[in-house]
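Trainee: Input: one structure, supplied below.
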Amino acid sequence: MSMEELKEDDQMLAKLKEVCSDLKNLLQISFNVETSLAEMEDKFDGMQENLSIASRRIAPLQSLSIANKALDTRINRAISPALALLESFKLSESLQRRLLDLATKLSNEKSSNKRLKKLIKYVDTVDNLNEAINSISKECEPAIQKLQEVVEFLSRTKATDQFRTRRLRETLITLKSLCETEVDAMRFDGLFDDALLNLQDEYESLLNKMRHRNFMEGKVDSDDQDDVATEMVPTDLGSELEVEVLTKISETLAANHCLDICIDIFVKVRYRRAAKALMRLNPEYLKTYSPEEIDEMEWESLETAISLWIQHFELAIKNVFVSEKKLCCQVLGTIMDGVIWPECFVKIADKIMAVFFRFGEGVARSKKEPQKLFKLLDMFESLERLKPEFSNIFAGEAGADICSRYRELEKLLVHSSTKVFFELGLQIEANQDVLPPQDGSVPKLVRYAINYLKYLLTDAYSATMVRVLRTEQIWKAGTLSTPETDENLLKDAMFNIMDTIRRNIESKKLRYKDKVLPHVFVMNTYWYIYMRTRSTELGKLMGDQYIKKTYKIVAEESAYSYQKQAWGSLVRLLDKEDIKRVDKDGLTAMVRGKMEAFTKAFDDITQRHKNFYYIPDSDLREQMREATVKLVVPAYTEFLNNFASTLHDKSYPSPEYIEDSLNHMFEVADHKTSGKSSLRLRQMKDPSDGSNSLSGEQSRRSKDFRRSKSSVIDA
């Protein structure tokens with residue numbers, strides 16, 4: 001073994017000794033650690049025992065802590081609603097003070113616009129106060145409920161002393177009492193209620209100030225219908241600011257259970273304003289509305305009243321009610337989704353419309369006198385013209401009753417118009433027993449009836465009369481019947497009346513005892529009818545050939561019969577045929593006898609003409625004068641010249657005297673017609689010349705046909 005190997009072994013042994021020493025140290029340390037762990041285990045056991053004892057002692061405190069946390073949560077839940085309630089009370093008090101301040105400023109403000117703006121702020125404050133009171137009302141119940149829960153919890157758990165529990169219970173009782181009394185007092189007895197009353201006063205005052213501007217002043221003249229039309233432009237009753245204020249007040253009152261009061265105020269004030277606007281037209285005639293009262297009115301007064309009714313009715317529809325409806329929609333349109341305002345408007349219009357309707361119904365139900373026809377047609381035409389606007393104004397369920405009454409009035413007017421028209425024929429028929437004019441002139445009945453029919457066929461009334469006749473025909477025959485043409489409707493109606501007039505004339509001429517008067521009467525009357533109808537709408541409707549055949553030819557025949565009866569017998573006294581059969585001894589006596597008979601008969605006839613025979617038409621009278629002079633004077637002159645030698649010893653009227661007497665006779669008749677209207681006839685030839693025709697031109701007059709209530713169907 002070498003030295004190196006020995007050194008390595010020694011080194012290895014040293015290392016092993018060192019490792020052995022380290023192991024011994026490690027074992028010793030492990031022993032020491034084990035000893036320490038045993039000691040620590042003993043200590044931990046002691047600590048565990050101590051902790052168990054402490055845990056048993058702390059457990060009640062932990063339960064108390066949990067209970068305190070639960071109590072804290074309950075108290076917080078109870079306090080939160082109470083705090084919110086207190087904030088609402090504070091806001092309410094603040095708003096009430098603001099209301100008082102605004103009320104003072106409103107009472108002192110003189111400027112209209114500034115006052116309206118302050119009034120808007122006042123309304124907004126009332127709305128805010130209402131919201132605050134509603135909030136208080138809603139928050140009271142939760143606050144009371146939460147406090148109730150806390151009181152019950154404390155009473156049950158005894159989490160606090162009795163003193164605190166009693167104070168909390170007293171607080172709960174006080175809060176309940178406050179909510180039950182104070183909240184209602186704030187809404188119904190306090191400043192908020194005063195504010196609502198003040199708003200009602202402001203509402204009424206503002207509505208009352210809204211008048212119908214640019215409305216017709218004074219009494220309407222019945223002849224100024226064109227001027228009336230210019231006034232029928234509806235105007236806004238209030239400014240935008242006024243309407244805004246009224247709308248806000250309406251919404252505020254409606255939101256606070258005052259809708260009925262709001263509607264009552266609106267309807268009352270606006271009805272009064274609309275009625276006063278129409279009263280400015282002085283419609284006194286509306287006080288007379290029953291058929292009996294209307295029958296007692298003078299015709300001129302009734303005619304004027306109907307004209308005013310037409311104008312005022314149209315003015316009410318086109319002006320007053322259009323403006324009122326617009327205001328009603330603006331102010332109340334936002335309430336109840338726009339359902340309420342149409343009913344309010346109808347309430348405003350209903351009483352006023354009722355007054356107009358009852359007058360119209362009274363006129364339609366009054367006596368069916370012929371002169372009323374034109375005014376009834378005027379009323380019907382006015383209603384027809386207004387129907388689209390009326391239906392638009394009173395559209396919807398709310399206006400159904402007014403529209404129904406409007407239609408009933410139209411029906412009444414249709415029935416009355418047709419009855420009045422046919423009443424004319426009945427009155428003419430009943431007039432046949434009345435004595436004819438004793439002078440052979442044209443009867444008032446004929447003059448009235450002809451002018452009546454002519455006026456009815458003018459542009460002003462013909463279309464309306466056709467519509468009335470057609471409507472009446474449809475109602476009687478049914479909608480499925482075949483309607484007649486407009487021309488046939490009028491033609492049938494006119495022919496019936498004209499035929500009734502003809503029968504009346506033929507009946508009356510038979511009542512004369514004088515032989516000449518029937519011819520004078522028929523000549524005057526038929527010539528009057530012919531000249532009055534030719535070249536007119538009545539003449540065109542009946543036909544030129546018809547009126548010539550029915551009236552002109554008959555008038556010509558009567559003129560010829562008049563000359564033959566009145567003057568032909570006189571001329572025949574101068575007949576020379578019988579003189580030829582007499583000898584010379586009897587010639588003188590016969591000639592003188594004829595002259596004396598002629599002179600006596602001439603005086604008698606001229607006197608009768610002056611006293612009993614009357615030809616009112618100046619042209620016809622002139623033509624008859626010329627024909628009479630041509631018939632009598634030449635025959636007399638010839639006789640006088642032929643027997644001059646026989647008549648030389650006695651004075652007889654000269655031909656000039658005869659002609660002057662005839663001229664004077666007809667001049668006297670001319671003086672009788674002074675101041676009376678007449679038709680103009682141009683030429684009438686002597687029937688003895690072989691011509692039996694009359695020709696002439698009618699000078700048409702532009703005067704309106706006027707009717708008089710006083711015995712228009714006189715003989």
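As shown in the structure tokens, the chain order sets the letters A, B, ...; within each chain, residues go from 1, and ligands are also counted from 1 in the order they appear.
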Which polymer residues have any atom within 12 Å of an atom of Leu91 of chain A, counting only C-alpha atoms, with same-chain residues fewer than 3 positions away left out, as a list in words?

Mentor: Ala84, Leu85, Leu86, Glu87, Ser88, Ser94, Leu95, Gln96, Arg97, Arg98, Thr125, Asn128, Leu129, Asn130, Glu131, Ala132, Ile133, Asn134, Ser135 and Ile136 of chain A

Trainee: Contacts of Glu656 of chain A at 12 Å or less, counting only C-alpha atoms, minus same-chain residues fewer than 2 places along, as a VMD selection string?

Mentor: chain A and resid 629 632 to 634 636 to 637 640 652 to 654 658 to 664

Trainee: Those same residues - N, CA and C atoms - I'd like them written as a compact mmCIF listing (two decimals), in the first residue's frame.

Mentor:
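What follows is the written file result05.txt:
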# COMPACT_ATOMS: atom_id res chain seq x y z
N VAL A 629 -164.13 105.37 -83.15
CA VAL A 629 -164.27 106.58 -83.98
C VAL A 629 -164.41 106.19 -85.45
N VAL A 632 -168.02 104.64 -85.89
CA VAL A 632 -169.21 105.46 -85.66
C VAL A 632 -169.20 106.74 -86.50
N VAL A 633 -168.10 107.48 -86.45
CA VAL A 633 -168.09 108.81 -87.07
C VAL A 633 -168.32 108.75 -88.58
N PRO A 634 -167.64 107.89 -89.35
CA PRO A 634 -167.92 107.85 -90.80
C PRO A 634 -169.37 107.49 -91.12
N TYR A 636 -172.00 108.03 -89.25
CA TYR A 636 -172.83 109.17 -88.90
C TYR A 636 -172.67 110.30 -89.91
N THR A 637 -171.44 110.55 -90.32
CA THR A 637 -171.18 111.62 -91.30
C THR A 637 -171.88 111.32 -92.62
N LEU A 640 -175.60 111.81 -92.22
CA LEU A 640 -175.93 113.23 -92.11
C LEU A 640 -175.81 113.93 -93.46
N TYR A 652 -178.80 119.10 -85.39
CA TYR A 652 -178.33 117.80 -84.91
C TYR A 652 -176.81 117.88 -84.64
N PRO A 653 -176.31 116.99 -83.81
CA PRO A 653 -174.86 117.03 -83.51
C PRO A 653 -174.04 116.86 -84.78
N SER A 654 -172.98 117.61 -84.84
CA SER A 654 -172.08 117.52 -86.00
C SER A 654 -171.18 116.30 -85.85
N ILE A 658 -169.60 114.42 -82.43
CA ILE A 658 -169.62 112.99 -82.14
C ILE A 658 -168.20 112.48 -81.84
N GLU A 659 -167.25 112.90 -82.68
CA GLU A 659 -165.87 112.46 -82.49
C GLU A 659 -165.30 112.99 -81.18
N ASP A 660 -165.55 114.28 -80.90
CA ASP A 660 -165.07 114.86 -79.64
C ASP A 660 -165.69 114.16 -78.44
N SER A 661 -166.96 113.82 -78.56
CA SER A 661 -167.63 113.13 -77.45
C SER A 661 -166.99 111.76 -77.19
N LEU A 662 -166.70 111.06 -78.30
CA LEU A 662 -166.04 109.76 -78.14
C LEU A 662 -164.65 109.92 -77.53
N ASN A 663 -163.92 110.93 -78.05
CA ASN A 663 -162.58 111.18 -77.48
C ASN A 663 -162.67 111.52 -76.00
N HIS A 664 -163.63 112.36 -75.67
CA HIS A 664 -163.80 112.76 -74.27
C HIS A 664 -164.20 111.57 -73.40

Trainee: Could you tell me, as JSON, numbers by chain, which residues of segment 318-459 of chain A DSSP assigns to helix (DSSP H, G or I) when given the backbone?

Mentor: {"A": [318, 319, 320, 321, 322, 323, 324, 325, 326, 327, 328, 329, 330, 331, 332, 335, 336, 337, 338, 341, 342, 343, 344, 345, 346, 347, 348, 349, 350, 351, 352, 353, 354, 355, 356, 357, 358, 359, 360, 361, 362, 363, 364, 365, 370, 371, 372, 373, 374, 375, 376, 377, 378, 379, 380, 381, 382, 383, 384, 385, 386, 387, 388, 389, 390, 391, 392, 393, 400, 401, 402, 403, 404, 405, 406, 407, 408, 409, 410, 411, 412, 413, 414, 415, 416, 417, 418, 419, 420, 421, 422, 423, 424, 425, 426, 427, 428, 429, 430, 431, 432, 433, 444, 445, 446, 447, 448, 449, 450, 451, 452, 453, 454, 455, 456]}

Trainee: Please provide as a short mmCIF file (atom, residue, chain, number, x, y, z; two decimals) with N, CA, C and O atoms, in the first residue's frame all residues within 8 Å of segment 554-556 of chain A, with the sequence filter that same-chain residues fewer than 2 positions apart are discarded (counting only C-alpha atoms).

Mentor:
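Dumped everything to around34.cif:
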data_model
loop_
_atom_site.label_atom_id
_atom_site.label_comp_id
_atom_site.auth_asym_id
_atom_site.auth_seq_id
_atom_site.Cartn_x
_atom_site.Cartn_y
_atom_site.Cartn_z
N VAL A 522 -163.87 90.29 -70.30
CA VAL A 522 -163.01 89.25 -70.90
C VAL A 522 -161.90 89.89 -71.72
O VAL A 522 -160.74 89.44 -71.68
N MET A 523 -162.22 90.95 -72.49
CA MET A 523 -161.19 91.63 -73.27
C MET A 523 -160.09 92.17 -72.36
O MET A 523 -158.89 91.95 -72.62
N ASN A 524 -160.48 92.90 -71.34
CA ASN A 524 -159.49 93.46 -70.41
C ASN A 524 -158.64 92.37 -69.77
O ASN A 524 -157.40 92.45 -69.73
N THR A 525 -159.30 91.32 -69.26
CA THR A 525 -158.61 90.32 -68.45
C THR A 525 -157.68 89.46 -69.28
O THR A 525 -156.50 89.27 -68.94
N TYR A 526 -158.18 88.94 -70.40
CA TYR A 526 -157.33 88.07 -71.22
C TYR A 526 -156.20 88.84 -71.90
O TYR A 526 -155.10 88.32 -72.08
N TRP A 527 -156.51 90.08 -72.28
CA TRP A 527 -155.42 90.87 -72.89
C TRP A 527 -154.34 91.18 -71.84
O TRP A 527 -153.15 91.17 -72.13
N LYS A 549 -153.28 81.38 -78.39
CA LYS A 549 -154.56 80.74 -78.63
C LYS A 549 -155.51 80.92 -77.45
O LYS A 549 -156.72 81.13 -77.63
N THR A 550 -154.98 80.80 -76.25
CA THR A 550 -155.83 80.79 -75.06
C THR A 550 -156.22 82.19 -74.60
O THR A 550 -157.33 82.40 -74.11
N TYR A 551 -155.34 83.16 -74.80
CA TYR A 551 -155.58 84.50 -74.25
C TYR A 551 -155.70 85.58 -75.33
O TYR A 551 -156.64 86.37 -75.32
N LYS A 552 -154.76 85.63 -76.25
CA LYS A 552 -154.78 86.70 -77.25
C LYS A 552 -155.99 86.61 -78.16
O LYS A 552 -156.72 87.61 -78.37
N SER A 558 -163.31 88.99 -77.95
CA SER A 558 -164.10 89.77 -77.01
C SER A 558 -164.11 91.25 -77.40
O SER A 558 -165.13 91.94 -77.22
N ALA A 559 -162.97 91.74 -77.93
CA ALA A 559 -162.93 93.13 -78.39
C ALA A 559 -163.90 93.34 -79.54
O ALA A 559 -164.62 94.35 -79.62
N TYR A 560 -163.92 92.37 -80.44
CA TYR A 560 -164.86 92.46 -81.57
C TYR A 560 -166.30 92.39 -81.06
O TYR A 560 -167.17 93.16 -81.50
N ASN A 692 -158.53 90.26 -87.45
CA ASN A 692 -158.93 89.93 -86.08
C ASN A 692 -157.73 89.66 -85.20
O ASN A 692 -157.79 88.89 -84.27
N SER A 693 -156.61 90.30 -85.52
CA SER A 693 -155.41 90.07 -84.72
C SER A 693 -155.00 91.33 -83.99
O SER A 693 -155.21 92.43 -84.48
N LEU A 694 -154.43 91.14 -82.83
CA LEU A 694 -153.88 92.24 -82.04
C LEU A 694 -152.39 92.03 -81.93
O LEU A 694 -151.92 90.91 -81.79
#

Trainee: I'd like the neighbourhood of Leu199 of chain A as a PyMOL selection string, where a residue qualifies if any of its atoms comes within 10 Å (using only C-alpha atoms), though same-chain residues fewer than 2 positions away should be ignored.

Mentor: chain A and resi 119+122-123+126+193-197+201-205+246+249-250+252-253+262

Trainee: Go ahead and write the selection's residues with all heavy atoms as a short mmCIF file (atom, residue, chain, number, x, y, z; two decimals), in the first residue's frame.

Mentor:
data_model
loop_
_atom_site.label_atom_id
_atom_site.label_comp_id
_atom_site.auth_asym_id
_atom_site.auth_seq_id
_atom_site.Cartn_x
_atom_site.Cartn_y
_atom_site.Cartn_z
N LEU A 119 -100.12 84.74 -14.57
CA LEU A 119 -101.18 83.75 -14.33
C LEU A 119 -100.73 82.36 -14.77
O LEU A 119 -101.07 81.35 -14.12
CB LEU A 119 -102.45 84.16 -15.08
CG LEU A 119 -103.75 83.41 -14.74
CD1 LEU A 119 -104.03 83.46 -13.25
CD2 LEU A 119 -104.92 84.00 -15.51
N TYR A 122 -98.68 81.15 -12.05
CA TYR A 122 -99.57 80.80 -10.94
C TYR A 122 -100.17 79.41 -11.16
O TYR A 122 -100.21 78.57 -10.23
CB TYR A 122 -100.67 81.85 -10.83
CG TYR A 122 -101.55 81.71 -9.61
CD1 TYR A 122 -101.18 82.26 -8.40
CD2 TYR A 122 -102.77 81.04 -9.69
CE1 TYR A 122 -101.99 82.15 -7.28
CE2 TYR A 122 -103.59 80.92 -8.58
CZ TYR A 122 -103.19 81.47 -7.38
OH TYR A 122 -103.99 81.35 -6.28
N VAL A 123 -100.62 79.15 -12.40
CA VAL A 123 -101.20 77.83 -12.71
C VAL A 123 -100.14 76.74 -12.57
O VAL A 123 -100.42 75.66 -12.02
CB VAL A 123 -101.80 77.83 -14.13
CG1 VAL A 123 -102.31 76.43 -14.49
CG2 VAL A 123 -102.93 78.84 -14.25
N VAL A 126 -99.67 76.00 -8.96
CA VAL A 126 -100.80 75.20 -8.46
C VAL A 126 -100.61 73.73 -8.85
O VAL A 126 -100.84 72.82 -8.05
CB VAL A 126 -102.14 75.75 -8.99
CG1 VAL A 126 -103.29 74.81 -8.61
CG2 VAL A 126 -102.41 77.14 -8.43
N ASP A 193 -106.93 74.85 -1.97
CA ASP A 193 -108.34 75.01 -2.32
C ASP A 193 -108.65 76.45 -2.69
O ASP A 193 -109.41 76.71 -3.63
CB ASP A 193 -109.21 74.56 -1.13
CG ASP A 193 -110.69 74.59 -1.47
OD1 ASP A 193 -111.11 73.85 -2.37
OD2 ASP A 193 -111.42 75.39 -0.86
N ASP A 194 -108.07 77.39 -1.96
CA ASP A 194 -108.27 78.82 -2.30
C ASP A 194 -107.71 79.12 -3.69
O ASP A 194 -108.29 79.91 -4.45
CB ASP A 194 -107.58 79.69 -1.26
CG ASP A 194 -108.25 79.59 0.10
OD1 ASP A 194 -109.43 79.19 0.15
OD2 ASP A 194 -107.59 79.90 1.11
N ALA A 195 -106.58 78.49 -4.00
CA ALA A 195 -105.98 78.71 -5.32
C ALA A 195 -106.90 78.20 -6.43
O ALA A 195 -107.04 78.83 -7.49
CB ALA A 195 -104.62 78.03 -5.40
N LEU A 196 -107.53 77.04 -6.21
CA LEU A 196 -108.46 76.51 -7.21
C LEU A 196 -109.67 77.42 -7.39
O LEU A 196 -110.14 77.65 -8.51
CB LEU A 196 -108.92 75.10 -6.81
CG LEU A 196 -107.87 73.99 -6.88
CD1 LEU A 196 -108.46 72.67 -6.39
CD2 LEU A 196 -107.34 73.83 -8.30
N LEU A 197 -110.17 77.95 -6.28
CA LEU A 197 -111.29 78.90 -6.37
C LEU A 197 -110.86 80.16 -7.12
O LEU A 197 -111.63 80.71 -7.92
CB LEU A 197 -111.78 79.26 -4.96
CG LEU A 197 -112.45 78.13 -4.17
CD1 LEU A 197 -112.77 78.59 -2.76
CD2 LEU A 197 -113.72 77.66 -4.88
N ASP A 201 -112.34 81.80 -10.70
CA ASP A 201 -112.71 83.21 -10.93
C ASP A 201 -111.95 83.79 -12.12
O ASP A 201 -112.53 84.50 -12.95
CB ASP A 201 -112.43 84.03 -9.67
CG ASP A 201 -113.32 83.62 -8.50
OD1 ASP A 201 -114.39 83.04 -8.75
OD2 ASP A 201 -112.93 83.87 -7.35
N GLU A 202 -110.66 83.49 -12.19
CA GLU A 202 -109.86 83.98 -13.32
C GLU A 202 -110.36 83.38 -14.64
O GLU A 202 -110.40 84.05 -15.67
CB GLU A 202 -108.38 83.62 -13.11
CG GLU A 202 -107.72 84.32 -11.94
CD GLU A 202 -107.45 85.78 -12.24
OE1 GLU A 202 -107.56 86.20 -13.42
OE2 GLU A 202 -107.13 86.53 -11.30
N TYR A 203 -110.73 82.12 -14.58
CA TYR A 203 -111.24 81.41 -15.76
C TYR A 203 -112.51 82.09 -16.29
O TYR A 203 -112.64 82.38 -17.48
CB TYR A 203 -111.52 79.97 -15.35
CG TYR A 203 -111.80 79.00 -16.46
CD1 TYR A 203 -110.83 78.66 -17.39
CD2 TYR A 203 -113.05 78.39 -16.58
CE1 TYR A 203 -111.07 77.74 -18.40
CE2 TYR A 203 -113.32 77.47 -17.59
CZ TYR A 203 -112.32 77.15 -18.48
OH TYR A 203 -112.57 76.25 -19.48
N GLU A 204 -113.42 82.34 -15.38
CA GLU A 204 -114.68 82.98 -15.77
C GLU A 204 -114.45 84.39 -16.28
O GLU A 204 -115.04 84.81 -17.28
CB GLU A 204 -115.64 83.00 -14.57
CG GLU A 204 -117.00 83.60 -14.89
CD GLU A 204 -117.99 83.44 -13.76
OE1 GLU A 204 -117.62 82.83 -12.73
OE2 GLU A 204 -119.12 83.92 -13.89
N SER A 205 -113.57 85.13 -15.59
CA SER A 205 -113.29 86.51 -16.00
C SER A 205 -112.66 86.56 -17.39
O SER A 205 -113.05 87.38 -18.23
CB SER A 205 -112.37 87.17 -14.98
OG SER A 205 -111.99 88.46 -15.41
N LEU A 246 -106.24 79.79 -20.64
CA LEU A 246 -107.50 79.08 -20.43
C LEU A 246 -107.31 77.56 -20.51
O LEU A 246 -107.91 76.81 -19.73
CB LEU A 246 -108.52 79.52 -21.48
CG LEU A 246 -109.11 80.93 -21.30
CD1 LEU A 246 -109.96 81.31 -22.51
CD2 LEU A 246 -109.96 81.00 -20.04
N ILE A 249 -105.65 76.39 -17.30
CA ILE A 249 -106.59 76.40 -16.17
C ILE A 249 -107.57 75.24 -16.30
O ILE A 249 -107.90 74.57 -15.30
CB ILE A 249 -107.33 77.75 -16.12
CG1 ILE A 249 -106.35 78.88 -15.80
CG2 ILE A 249 -108.43 77.70 -15.07
CD1 ILE A 249 -106.98 80.26 -15.79
N SER A 250 -108.05 74.99 -17.53
CA SER A 250 -108.98 73.87 -17.74
C SER A 250 -108.35 72.56 -17.33
O SER A 250 -108.98 71.73 -16.63
CB SER A 250 -109.40 73.81 -19.21
OG SER A 250 -110.05 74.99 -19.62
N THR A 252 -105.86 72.09 -15.26
CA THR A 252 -105.63 72.08 -13.81
C THR A 252 -106.92 71.78 -13.06
O THR A 252 -106.94 70.97 -12.12
CB THR A 252 -105.05 73.43 -13.36
OG1 THR A 252 -103.80 73.65 -14.01
CG2 THR A 252 -104.86 73.47 -11.85
N LEU A 253 -108.02 72.44 -13.44
CA LEU A 253 -109.30 72.20 -12.77
C LEU A 253 -109.76 70.76 -13.00
O LEU A 253 -110.28 70.11 -12.07
CB LEU A 253 -110.35 73.18 -13.29
CG LEU A 253 -110.12 74.66 -12.95
CD1 LEU A 253 -111.19 75.53 -13.59
CD2 LEU A 253 -110.13 74.87 -11.43
N CYS A 262 -115.67 73.45 -14.17
CA CYS A 262 -115.01 74.04 -15.33
C CYS A 262 -115.96 74.10 -16.52
O CYS A 262 -116.10 75.13 -17.20
CB CYS A 262 -113.76 73.23 -15.68
SG CYS A 262 -112.94 73.73 -17.21
#

Trainee: Please provide as a compact mmCIF listing (two decimals) with N, CA and C atoms, in the first residue's frame all residues within 12 Å of segment 269-272 of chain A, with the sequence filter that same-chain residues fewer than 3 positions apart are discarded (counting only C-alpha atoms).

Mentor:
# COMPACT_ATOMS: atom_id res chain seq x y z
N ASP A 201 -112.34 81.80 -10.70
CA ASP A 201 -112.71 83.21 -10.93
C ASP A 201 -111.95 83.79 -12.12
N TYR A 203 -110.73 82.12 -14.58
CA TYR A 203 -111.24 81.41 -15.76
C TYR A 203 -112.51 82.09 -16.29
N GLU A 204 -113.42 82.34 -15.38
CA GLU A 204 -114.68 82.98 -15.77
C GLU A 204 -114.45 84.39 -16.28
N SER A 205 -113.57 85.13 -15.59
CA SER A 205 -113.29 86.51 -16.00
C SER A 205 -112.66 86.56 -17.39
N LEU A 206 -111.72 85.67 -17.64
CA LEU A 206 -111.03 85.67 -18.93
C LEU A 206 -111.97 85.25 -20.05
N LEU A 207 -112.81 84.25 -19.80
CA LEU A 207 -113.80 83.84 -20.80
C LEU A 207 -114.79 84.96 -21.10
N ASN A 208 -115.14 85.69 -20.09
CA ASN A 208 -116.11 86.78 -20.24
C ASN A 208 -115.55 87.93 -21.06
N LYS A 209 -114.24 88.10 -21.03
CA LYS A 209 -113.62 89.19 -21.80
C LYS A 209 -113.53 88.87 -23.28
N MET A 210 -113.66 87.62 -23.66
CA MET A 210 -113.53 87.22 -25.07
C MET A 210 -114.84 87.47 -25.80
N ARG A 211 -114.91 88.60 -26.46
CA ARG A 211 -116.12 88.99 -27.18
C ARG A 211 -115.94 88.79 -28.67
N HIS A 212 -117.07 88.77 -29.36
CA HIS A 212 -117.04 88.64 -30.82
C HIS A 212 -116.68 89.99 -31.43
N LEU A 237 -111.53 84.51 -31.02
CA LEU A 237 -112.09 85.22 -29.87
C LEU A 237 -111.02 85.66 -28.88
N CYS A 262 -115.67 73.45 -14.17
CA CYS A 262 -115.01 74.04 -15.33
C CYS A 262 -115.96 74.10 -16.52
N ILE A 263 -116.65 73.00 -16.78
CA ILE A 263 -117.60 72.94 -17.91
C ILE A 263 -118.76 73.89 -17.69
N ASP A 264 -119.28 73.92 -16.45
CA ASP A 264 -120.40 74.81 -16.15
C ASP A 264 -120.02 76.27 -16.39
N ILE A 265 -118.83 76.65 -15.95
CA ILE A 265 -118.38 78.02 -16.15
C ILE A 265 -118.23 78.32 -17.64
N PHE A 266 -117.58 77.41 -18.34
CA PHE A 266 -117.34 77.64 -19.78
C PHE A 266 -118.65 77.77 -20.54
N ALA A 275 -125.00 84.75 -26.99
CA ALA A 275 -126.35 85.31 -27.01
C ALA A 275 -126.31 86.84 -27.06
N LYS A 276 -125.42 87.45 -26.30
CA LYS A 276 -125.31 88.92 -26.32
C LYS A 276 -124.85 89.42 -27.68
N ALA A 277 -123.95 88.67 -28.32
CA ALA A 277 -123.49 89.08 -29.65
C ALA A 277 -124.66 89.12 -30.62
N LEU A 278 -125.52 88.11 -30.57
CA LEU A 278 -126.68 88.08 -31.46
C LEU A 278 -127.76 89.07 -31.02
N MET A 279 -127.83 89.35 -29.73
CA MET A 279 -128.80 90.32 -29.25
C MET A 279 -128.47 91.73 -29.73
N VAL A 320 -120.70 83.33 -35.45
CA VAL A 320 -120.71 83.14 -33.99
C VAL A 320 -120.32 81.71 -33.61
N PHE A 321 -121.00 80.73 -34.20
CA PHE A 321 -120.76 79.36 -33.77
C PHE A 321 -119.44 78.80 -34.28
N SER A 323 -116.69 80.56 -34.46
CA SER A 323 -115.72 81.09 -33.49
C SER A 323 -115.84 80.37 -32.15
N GLU A 324 -117.07 80.14 -31.71
CA GLU A 324 -117.27 79.47 -30.43
C GLU A 324 -116.76 78.03 -30.46
N LYS A 325 -116.98 77.35 -31.57
CA LYS A 325 -116.51 75.97 -31.68
C LYS A 325 -114.98 75.92 -31.65
N LEU A 327 -112.92 78.08 -30.23
CA LEU A 327 -112.47 78.36 -28.87
C LEU A 327 -112.69 77.15 -27.97
N CYS A 328 -113.84 76.52 -28.12
CA CYS A 328 -114.15 75.35 -27.29
C CYS A 328 -113.14 74.24 -27.52
N VAL A 331 -109.64 75.27 -25.96
CA VAL A 331 -109.56 75.32 -24.51
C VAL A 331 -109.80 73.96 -23.86
N CYS A 344 -119.78 70.26 -24.90
CA CYS A 344 -119.82 71.62 -24.34
C CYS A 344 -120.26 72.62 -25.40
N PHE A 345 -119.72 72.48 -26.60
CA PHE A 345 -120.10 73.40 -27.68
C PHE A 345 -121.58 73.29 -28.01
N VAL A 346 -122.08 72.07 -28.06
CA VAL A 346 -123.50 71.87 -28.37
C VAL A 346 -124.38 72.48 -27.28
N LYS A 347 -123.93 72.39 -26.02
CA LYS A 347 -124.69 73.02 -24.93
C LYS A 347 -124.76 74.53 -25.12
N ILE A 348 -123.67 75.12 -25.59
CA ILE A 348 -123.65 76.57 -25.83
C ILE A 348 -124.62 76.93 -26.95
N ALA A 349 -124.61 76.14 -28.02
CA ALA A 349 -125.40 76.48 -29.21
C ALA A 349 -126.85 76.06 -29.10
N ASP A 350 -127.15 75.09 -28.26
CA ASP A 350 -128.46 74.46 -28.27
C ASP A 350 -129.60 75.45 -28.00
N LYS A 351 -129.46 76.25 -26.95
CA LYS A 351 -130.54 77.17 -26.60
C LYS A 351 -130.72 78.24 -27.67
N ILE A 352 -129.61 78.72 -28.21
CA ILE A 352 -129.71 79.75 -29.25
C ILE A 352 -130.36 79.17 -30.50
N MET A 353 -129.93 77.96 -30.89
CA MET A 353 -130.52 77.34 -32.07
C MET A 353 -132.00 77.04 -31.85
